[in-house]
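K.L.:
Below is upload34.txt; it holds compact mmCIF, C-alpha atoms.
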# COMPACT_ATOMS: atom_id res chain seq x y z
CA MET A 6 93.48 119.19 12.68
CA LEU A 7 90.64 117.50 10.81
CA LEU A 8 91.03 113.88 9.86
CA THR A 9 89.71 112.20 6.73
CA VAL A 10 87.26 109.34 7.11
CA GLU A 11 90.03 106.92 6.10
CA GLU A 12 92.38 108.32 8.76
CA VAL A 13 89.68 108.04 11.42
CA ILE A 14 88.91 104.44 10.43
CA MET A 15 92.62 103.55 10.39
CA SER A 16 93.16 105.18 13.77
CA ALA A 17 90.01 103.62 15.11
CA ARG A 18 91.17 100.18 14.13
CA SER A 19 94.52 100.81 15.74
CA ILE A 20 92.72 101.91 18.85
CA ALA A 21 90.27 99.05 18.85
CA ILE A 22 92.99 96.97 20.30
CA ILE A 23 93.50 99.47 23.03
CA ALA A 24 89.82 99.59 23.69
CA ALA A 25 89.74 95.91 24.11
CA LEU A 26 92.53 96.24 26.59
CA ALA A 27 90.37 97.71 29.25
CA MET A 28 87.50 95.51 28.32
CA SER A 29 88.16 93.15 31.11
CA TRP A 30 84.72 91.74 30.53
CA GLY A 31 83.26 93.74 33.33
CA ILE A 32 85.98 93.18 35.86
CA ALA A 33 87.20 96.08 37.91
CA GLY A 34 90.44 96.42 39.74
CA VAL A 35 92.73 94.78 37.19
CA TRP A 36 94.55 98.01 36.53
CA ALA A 37 97.90 98.31 38.19
CA ALA A 38 98.18 100.86 40.97
CA ASP A 39 101.29 102.25 39.27
CA LYS A 40 101.11 104.23 36.05
CA PRO A 41 101.70 101.80 33.13
CA THR A 42 104.59 102.41 30.75
CA ASP A 43 104.17 102.64 26.97
CA PRO A 44 105.46 99.04 26.49
CA GLN A 45 102.94 97.84 29.12
CA ILE A 46 100.14 99.83 27.47
CA ALA A 47 101.04 98.21 24.13
CA HIS A 48 100.82 94.73 25.68
CA ILE A 49 97.54 95.53 27.42
CA ALA A 50 96.09 96.86 24.18
CA TYR A 51 97.07 93.79 22.18
CA THR A 52 95.76 91.49 24.89
CA ALA A 53 92.47 93.36 25.07
CA GLY A 54 92.06 93.19 21.31
CA GLN A 55 92.66 89.46 21.31
CA ILE A 56 90.10 89.05 24.08
CA ASP A 57 87.39 90.70 21.99
CA ILE A 58 88.42 88.68 18.91
CA ASP A 59 88.00 85.48 20.92
CA ALA A 60 84.65 86.67 22.30
CA ALA A 61 83.42 87.49 18.79
CA LYS A 62 84.46 84.04 17.56
CA LEU A 63 82.52 82.48 20.42
CA ALA A 64 79.45 84.54 19.52
CA LEU A 65 79.70 83.50 15.88
CA LYS A 66 79.88 79.87 16.99
CA HIS A 67 76.93 80.02 19.43
CA SER A 68 74.51 82.67 18.22
CA LYS A 69 71.81 82.29 15.61
CA SER A 70 70.64 85.92 15.98
CA LYS A 71 71.32 88.03 12.90
CA VAL A 72 71.86 91.19 14.97
CA VAL A 73 74.21 89.49 17.46
CA ARG A 74 76.17 87.83 14.68
CA GLY A 75 76.43 91.17 12.86
CA PHE A 76 77.79 92.83 16.00
CA ALA A 77 80.27 89.96 16.53
CA GLU A 78 81.42 90.20 12.90
CA ASP A 79 82.04 93.94 13.40
CA MET A 80 84.05 93.27 16.57
CA LEU A 81 86.06 90.50 14.86
CA ARG A 82 86.82 92.70 11.86
CA ASP A 83 87.65 95.84 13.85
CA HIS A 84 89.76 94.18 16.52
CA THR A 85 91.67 91.99 14.05
CA ALA A 86 92.53 95.10 12.04
CA VAL A 87 93.46 96.96 15.22
CA ASN A 88 95.77 94.16 16.37
CA LYS A 89 97.59 94.43 13.06
CA GLN A 90 97.75 98.22 13.32
CA ALA A 91 98.98 97.99 16.89
CA LEU A 92 101.74 95.58 15.91
CA ASP A 93 102.74 97.89 13.05
CA LEU A 94 102.91 100.86 15.44
CA VAL A 95 104.97 98.91 17.98
CA GLN A 96 107.43 97.93 15.25
CA LYS A 97 107.59 101.49 13.94
CA LEU A 98 108.27 102.85 17.42
CA LYS A 99 110.72 100.02 18.16
CA VAL A 100 108.85 99.21 21.36
CA THR A 101 108.80 95.72 22.82
CA PRO A 102 105.42 95.11 24.48
CA GLU A 103 105.88 94.20 28.13
CA ASP A 104 103.77 91.57 29.84
CA ASN A 105 102.32 92.84 33.11
CA ASP A 106 99.84 92.08 35.88
CA THR A 107 97.02 93.87 34.05
CA SER A 108 97.49 91.82 30.86
CA ARG A 109 97.60 88.61 32.86
CA ALA A 110 94.48 89.54 34.85
CA LEU A 111 92.61 90.44 31.66
CA THR A 112 93.51 87.09 30.11
CA LYS A 113 92.52 85.12 33.22
CA GLU A 114 89.15 86.87 33.57
CA ALA A 115 88.39 86.62 29.85
CA THR A 116 89.09 82.89 29.86
CA ALA A 117 86.67 82.41 32.76
CA LYS A 118 84.02 84.57 31.07
CA ARG A 119 84.29 82.67 27.77
CA ALA A 120 83.87 79.39 29.66
CA GLU A 121 80.77 80.77 31.37
CA LEU A 122 79.29 82.09 28.12
CA GLY A 123 80.13 78.86 26.29
CA LYS A 124 77.68 76.97 28.49
CA LEU A 125 74.75 79.16 27.42
CA LYS A 126 72.46 78.62 24.44
CA GLY A 127 70.06 80.65 22.31
CA LYS A 128 68.65 83.92 23.62
CA GLN A 129 70.29 83.33 26.99
CA PHE A 130 73.70 83.33 25.28
CA ASP A 131 72.85 86.34 23.11
CA LYS A 132 71.75 88.47 26.05
CA ALA A 133 74.73 87.47 28.21
CA TYR A 134 77.22 88.08 25.39
CA ILE A 135 75.85 91.55 24.59
CA ALA A 136 75.56 92.51 28.28
CA ASN A 137 79.19 91.49 28.66
CA GLU A 138 80.21 93.54 25.61
CA ILE A 139 78.49 96.61 27.08
CA ALA A 140 80.29 96.14 30.40
CA TYR A 141 83.56 95.43 28.62
CA HIS A 142 83.38 98.60 26.53
CA LYS A 143 82.43 100.68 29.57
CA GLU A 144 85.50 99.30 31.36
CA VAL A 145 87.77 99.92 28.38
CA ASN A 146 86.49 103.45 27.85
CA GLY A 147 86.96 104.23 31.53
CA ALA A 148 90.49 102.81 31.49
CA LEU A 149 91.34 104.82 28.41
CA GLU A 150 90.13 108.04 30.03
CA THR A 151 91.59 107.57 33.49
CA THR A 152 94.67 105.38 33.05
CA LEU A 153 95.91 104.67 29.54
CA ILE A 154 95.68 108.08 27.87
CA PRO A 155 97.10 109.98 30.85
CA SER A 156 99.91 107.39 31.20
CA ALA A 157 100.99 107.28 27.55
CA THR A 158 104.13 109.32 26.93
CA ASN A 159 104.58 108.75 23.19
CA PRO A 160 102.53 111.35 21.25
CA GLU A 161 101.54 108.86 18.51
CA LEU A 162 100.36 106.34 21.07
CA LYS A 163 98.48 109.00 23.03
CA SER A 164 96.78 110.27 19.85
CA LEU A 165 95.82 106.75 18.87
CA LEU A 166 94.34 106.14 22.30
CA GLU A 167 92.31 109.37 22.14
CA THR A 168 90.93 108.46 18.71
CA GLY A 169 90.27 104.95 19.93
CA LEU A 170 88.24 106.24 22.84
CA LYS A 171 85.83 107.90 20.42
CA ILE A 172 85.54 104.71 18.39
CA PHE A 173 85.02 102.52 21.42
CA GLN A 174 82.32 104.77 22.70
CA GLY A 175 80.63 103.97 19.37
CA HIS A 176 81.10 100.25 20.01
CA GLU A 177 79.47 100.66 23.42
CA GLN A 178 76.49 102.45 21.85
CA HIS A 179 76.24 99.74 19.19
CA ALA A 180 76.17 97.03 21.87
CA GLU A 181 73.48 98.95 23.80
CA HIS A 182 71.41 99.18 20.60
CA VAL A 183 71.75 95.44 20.05
CA ALA A 184 70.70 94.82 23.67
CA SER A 185 67.54 96.88 23.13
CA GLU A 186 66.69 94.75 20.08
CA LEU A 187 67.05 91.54 22.10
CA LYS A 188 64.42 92.47 24.68
Could the structure of this file be written out as structure tokens, please?

P.N.:
Amino acid sequence: MLLTVEEVIMSARSIAIIAALAMSWGIAGVWAADKPTDPQIAHIAYTAGQIDIDAAKLALKHSKSKVVRGFAEDMLRDHTAVNKQALDLVQKLKVTPEDNDTSRALTKEATAKRAELGKLKGKQFDKAYIANEIAYHKEVNGALETTLIPSATNPELKSLLETGLKIFQGHEQHAEHVASELK
């Protein structure tokens, strides 16, 4: 089945939240040993999206670089839209997101990373923020492939995650491009 550009963008935004979910800002080992349930996946996805929204806001506050600010604006726009799409999907499916150890670990690590980044200035901040975004997207993409997609039981959620993976791979490439411009 071929999707229109609008459908891909809509799905991508819905998935952006899920991408953010794994984006533990470079931390490994936050994924539960047990297979997550759909309500847990929904909570992880929302949490991950909020983490990238908060990181983008920090970048917009601290960076003067046009390319870094542009990337942060893209992340803020995409992840805000995805959070809304994710909430709409959860309501449609009548699923109550379930807090879990992974969501809590993501939040704890993201808070520490934002505090660390908040102490940096200028090019030092820009490079650290983009390096973190690359690591975060690698983590999210890996979690989507190995944990979230295989664990999702709802076909709509699974499809959204698969589409999101493609979009988040694009985010990772975008961050890598920005990093090459900062050198």

K.L.:
Nearest to Val95 of chain A among A:Glu186, A:Asp43, A:Glu114, A:Glu181, with distances taken over only C-alpha atoms: which residue is it?

P.N.:
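Distance minimum relative to Val95 of chain A lands on A:Asp43.
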
K.L.:
Smallest atom-to-atom distance to Leu162 of chain A: which of A:Arg82, A:Lys66, A:Lys97, A:Lys40, using all atoms listed in the file?

P.N.:
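Going through A:Arg82, A:Lys66, A:Lys97, A:Lys40 one by one, the smallest distance to Leu162 of chain A is for A:Lys97.
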
K.L.:
Looking at A:Lys188, A:Lys118, A:Arg109, A:Arg74, which one is nearest to Gln45 of chain A, with distances taken over all atoms listed in the file?

P.N.:
A:Arg109

K.L.:
Tell me which of A:Pro102, A:Asp93, A:Leu187, A:Thr42 sits closest to Lys71 of chain A, counting all atoms listed in the file.

P.N.:
A:Leu187

K.L.:
Which is closer to Ser108 of chain A than all the others in A:Leu122, A:Leu165, A:Ala180, A:Ile56, using only C-alpha atoms?

P.N.:
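So, comparing all the options, the nearest one is A:Ile56.
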
K.L.:
Between atom CA of Gly147 of chain A and atom CA of Lys128 of chain A, what is the spacing in Å?

P.N.:
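Taking atom CA of Lys128 of chain A and atom CA of Gly147 of chain A, their separation equals 28.5 Å.
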
K.L.:
Which residue out of A:Asp59, A:Asp83, A:Pro41, A:Gln96 has the minimum interatomic distance to Ala120 of chain A when all atoms listed in the file are used?

P.N.:
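Closest candidate: A:Asp59.
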
K.L.:
What are the centre and edge lengths in Å, to one decimal, of the axis-aligned box around all listed atoms of segment 65-80 of chain A with 8 Å added on each side, as JSON?

P.N.:
{"center_x": 77.3, "center_y": 86.9, "center_z": 16.1, "size_x": 29.4, "size_y": 30.1, "size_z": 22.6}

K.L.:
What is the distance, in Å and to one decimal place, between atom CA of Lys143 of chain A and atom CA of Phe173 of chain A?

P.N.:
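Atom CA of Phe173 of chain A lies at a distance of 8.7 Å from atom CA of Lys143 of chain A.
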
K.L.:
Atom CA of Ala91 of chain A and atom CA of Tyr134 of chain A are how many Å apart?

P.N.:
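Distance reported for this atom pair: 25.4 Å.
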
K.L.:
Write out as a list in words the residues lying within 12 Å of Lys126 of chain A, counting all atoms listed in the file and excluding same-chain residues fewer than 4 positions away.

P.N.:
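Contacts, in chain order: Leu63, Ala64, Lys66, His67, Ser68, Lys69, Ser70, Glu121, Leu122, Phe130, Asp131, Lys132, Ala133 and Tyr134 of chain A.
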
K.L.:
Give as a ChimeraX atom specification each residue that has an atom at most 9 Å from (98.3, 91.7, 32.5) in the file, counting all atoms listed in the file.

P.N.:
/A:35-37,45,48-49,52,104-113

K.L.:
Please list as a CSV table (one decimal) with C-alpha atoms, keeping the file's coordinate frame every residue within 12 Å of His176 of chain A, counting all atoms listed in the file and excluding residues in the same chain fewer than 2 positions away.

P.N.:
chain,number,residue,atom,x,y,z
A,17,ALA,CA,90.0,103.6,15.1
A,18,ARG,CA,91.2,100.2,14.1
A,20,ILE,CA,92.7,101.9,18.8
A,21,ALA,CA,90.3,99.0,18.8
A,24,ALA,CA,89.8,99.6,23.7
A,25,ALA,CA,89.7,95.9,24.1
A,28,MET,CA,87.5,95.5,28.3
A,57,ASP,CA,87.4,90.7,22.0
A,76,PHE,CA,77.8,92.8,16.0
A,77,ALA,CA,80.3,90.0,16.5
A,79,ASP,CA,82.0,93.9,13.4
A,80,MET,CA,84.0,93.3,16.6
A,83,ASP,CA,87.6,95.8,13.8
A,84,HIS,CA,89.8,94.2,16.5
A,135,ILE,CA,75.8,91.6,24.6
A,138,GLU,CA,80.2,93.5,25.6
A,139,ILE,CA,78.5,96.6,27.1
A,140,ALA,CA,80.3,96.1,30.4
A,141,TYR,CA,83.6,95.4,28.6
A,142,HIS,CA,83.4,98.6,26.5
A,143,LYS,CA,82.4,100.7,29.6
A,145,VAL,CA,87.8,99.9,28.4
A,146,ASN,CA,86.5,103.4,27.8
A,169,GLY,CA,90.3,105.0,19.9
A,170,LEU,CA,88.2,106.2,22.8
A,171,LYS,CA,85.8,107.9,20.4
A,172,ILE,CA,85.5,104.7,18.4
A,173,PHE,CA,85.0,102.5,21.4
A,174,GLN,CA,82.3,104.8,22.7
A,178,GLN,CA,76.5,102.4,21.8
A,179,HIS,CA,76.2,99.7,19.2
A,180,ALA,CA,76.2,97.0,21.9
A,181,GLU,CA,73.5,99.0,23.8
A,182,HIS,CA,71.4,99.2,20.6
A,183,VAL,CA,71.8,95.4,20.0
